[in-house]
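Reading through the C-alpha cells given below for one structure.
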Amino acid sequence: MHFAFRPLSVVATVVVLVMSGPSRAADAEREALLRLAHELAALAPLVDAAETGANPAERVRFRYDWLRRDIARVRDGVLEHAGADQAAPRLYKPLRGDYRR
C-alpha cells in the first residue's frame, strides 16, 4: 500500500483537533456542572427528612431554612456558570455556613 503525504490535509486535521479541544473541554465542564446542579437539587428530600426527624425541644437547633437557602445559592451559581457564554466575574452573596442557632 502506498499513502500519499498531503501536508495541507495534515495541517487542516491538526487545526481542527486543536480548535475542537477547548470546545470539548468546555462541553465536558458544562455537563459536569449540570450533573452537580442536579445532585444539589436532589438534596432537598434529604434535608426535609432530617428536619422531620429533628427534635423541636432542643435548645440548639439546626437552621434548615438557612441550609436550603445556601444550597439554592450554590446551585444557582453553578447553573449560571454552566449557562454562561464566557466566565465573567460576578458578585455573590456569601453563604451562611453556620447552621446552628
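Ordered as shown in the C-alpha cells, chains take letters A, B, and onward, while each chain numbers its residues from 1 and ligands are numbered from 1 in the order shown.
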For region 29-41 of chain A, please output as an MDAnalysis selection string all residues within 10 Å (counting only C-alpha atoms; exclusion window: fewer than 6 positions along the same chain). chainID A and resid 23 68 71:72 74:84
Saved selection, atoms kept: N, CA and C atoms, as a PDB file, in the first residue's frame:
```pdb
ATOM      1  N   SER A  23     -13.337  23.327  23.048  1.00  0.00           N
ATOM      2  CA  SER A  23     -14.786  23.182  22.988  1.00  0.00           C
ATOM      3  C   SER A  23     -15.228  21.911  23.700  1.00  0.00           C
ATOM      4  N   ARG A  68     -31.118  25.294  53.249  1.00  0.00           N
ATOM      5  CA  ARG A  68     -31.813  25.276  51.957  1.00  0.00           C
ATOM      6  C   ARG A  68     -31.437  26.498  51.109  1.00  0.00           C
ATOM      7  N   ILE A  71     -27.828  26.034  49.787  1.00  0.00           N
ATOM      8  CA  ILE A  71     -27.802  25.033  48.709  1.00  0.00           C
ATOM      9  C   ILE A  71     -28.369  25.643  47.434  1.00  0.00           C
ATOM     10  N   ALA A  72     -29.457  26.396  47.557  1.00  0.00           N
ATOM     11  CA  ALA A  72     -30.050  27.050  46.382  1.00  0.00           C
ATOM     12  C   ALA A  72     -29.081  28.060  45.773  1.00  0.00           C
ATOM     13  N   VAL A  74     -25.761  28.006  45.905  1.00  0.00           N
ATOM     14  CA  VAL A  74     -24.693  27.261  45.228  1.00  0.00           C
ATOM     15  C   VAL A  74     -25.213  26.700  43.911  1.00  0.00           C
ATOM     16  N   ARG A  75     -26.388  26.096  43.929  1.00  0.00           N
ATOM     17  CA  ARG A  75     -26.975  25.521  42.709  1.00  0.00           C
ATOM     18  C   ARG A  75     -27.191  26.607  41.648  1.00  0.00           C
ATOM     19  N   ASP A  76     -27.734  27.755  42.061  1.00  0.00           N
ATOM     20  CA  ASP A  76     -27.947  28.850  41.112  1.00  0.00           C
ATOM     21  C   ASP A  76     -26.631  29.334  40.513  1.00  0.00           C
ATOM     22  N   GLY A  77     -25.592  29.427  41.331  1.00  0.00           N
ATOM     23  CA  GLY A  77     -24.285  29.844  40.829  1.00  0.00           C
ATOM     24  C   GLY A  77     -23.705  28.847  39.843  1.00  0.00           C
ATOM     25  N   VAL A  78     -23.862  27.570  40.135  1.00  0.00           N
ATOM     26  CA  VAL A  78     -23.375  26.524  39.233  1.00  0.00           C
ATOM     27  C   VAL A  78     -24.126  26.591  37.908  1.00  0.00           C
ATOM     28  N   LEU A  79     -25.447  26.719  37.972  1.00  0.00           N
ATOM     29  CA  LEU A  79     -26.244  26.791  36.743  1.00  0.00           C
ATOM     30  C   LEU A  79     -25.938  28.054  35.943  1.00  0.00           C
ATOM     31  N   GLU A  80     -25.722  29.150  36.645  1.00  0.00           N
ATOM     32  CA  GLU A  80     -25.394  30.391  35.950  1.00  0.00           C
ATOM     33  C   GLU A  80     -24.079  30.251  35.187  1.00  0.00           C
ATOM     34  N   HIS A  81     -23.091  29.654  35.832  1.00  0.00           N
ATOM     35  CA  HIS A  81     -21.810  29.467  35.151  1.00  0.00           C
ATOM     36  C   HIS A  81     -21.946  28.480  33.995  1.00  0.00           C
ATOM     37  N   ALA A  82     -22.689  27.415  34.206  1.00  0.00           N
ATOM     38  CA  ALA A  82     -22.853  26.410  33.151  1.00  0.00           C
ATOM     39  C   ALA A  82     -23.554  26.990  31.938  1.00  0.00           C
ATOM     40  N   GLY A  83     -24.434  27.951  32.156  1.00  0.00           N
ATOM     41  CA  GLY A  83     -25.175  28.541  31.050  1.00  0.00           C
ATOM     42  C   GLY A  83     -24.523  29.771  30.457  1.00  0.00           C
ATOM     43  N   ALA A  84     -23.440  30.246  31.061  1.00  0.00           N
ATOM     44  CA  ALA A  84     -22.797  31.470  30.584  1.00  0.00           C
ATOM     45  C   ALA A  84     -21.947  31.193  29.350  1.00  0.00           C
TER      46      ALA A  84
END
```
Fewer than 6 positions away in the same chain doesn't count, so skip those; otherwise give me all residues within 10 Å of region 95-98 of chain A, counting only C-alpha atoms, as a PyMOL selection string. chain A and resi 62-63+66-67+69-71+73-74
Taking C-alpha atoms for each residue, export the selection above as a short mmCIF file (atom, residue, chain, number, x, y, z; two decimals), in the first residue's frame.
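What follows is the written file out_35.cif:
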```cif
data_model
loop_
_atom_site.label_atom_id
_atom_site.label_comp_id
_atom_site.auth_asym_id
_atom_site.auth_seq_id
_atom_site.Cartn_x
_atom_site.Cartn_y
_atom_site.Cartn_z
CA PHE A 62 -30.20 23.28 63.16
CA ARG A 63 -31.41 26.00 60.76
CA TRP A 66 -30.50 28.59 56.08
CA LEU A 67 -29.15 25.33 54.69
CA ARG A 69 -31.03 28.88 51.03
CA ASP A 70 -27.27 28.17 50.80
CA ILE A 71 -27.80 25.03 48.71
CA ARG A 73 -27.40 29.78 46.08
CA VAL A 74 -24.69 27.26 45.23
#
```
Could you list, as a ChimeraX atom specification, every residue within 12 Å of Glu58 (chain A), counting only C-alpha atoms and ignoring same-chain residues fewer than 5 positions away? /A:53,100-101
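In this structure, CA of Leu43 (chain A) sits 11.9 Å away from CA of Tyr64 (chain A).
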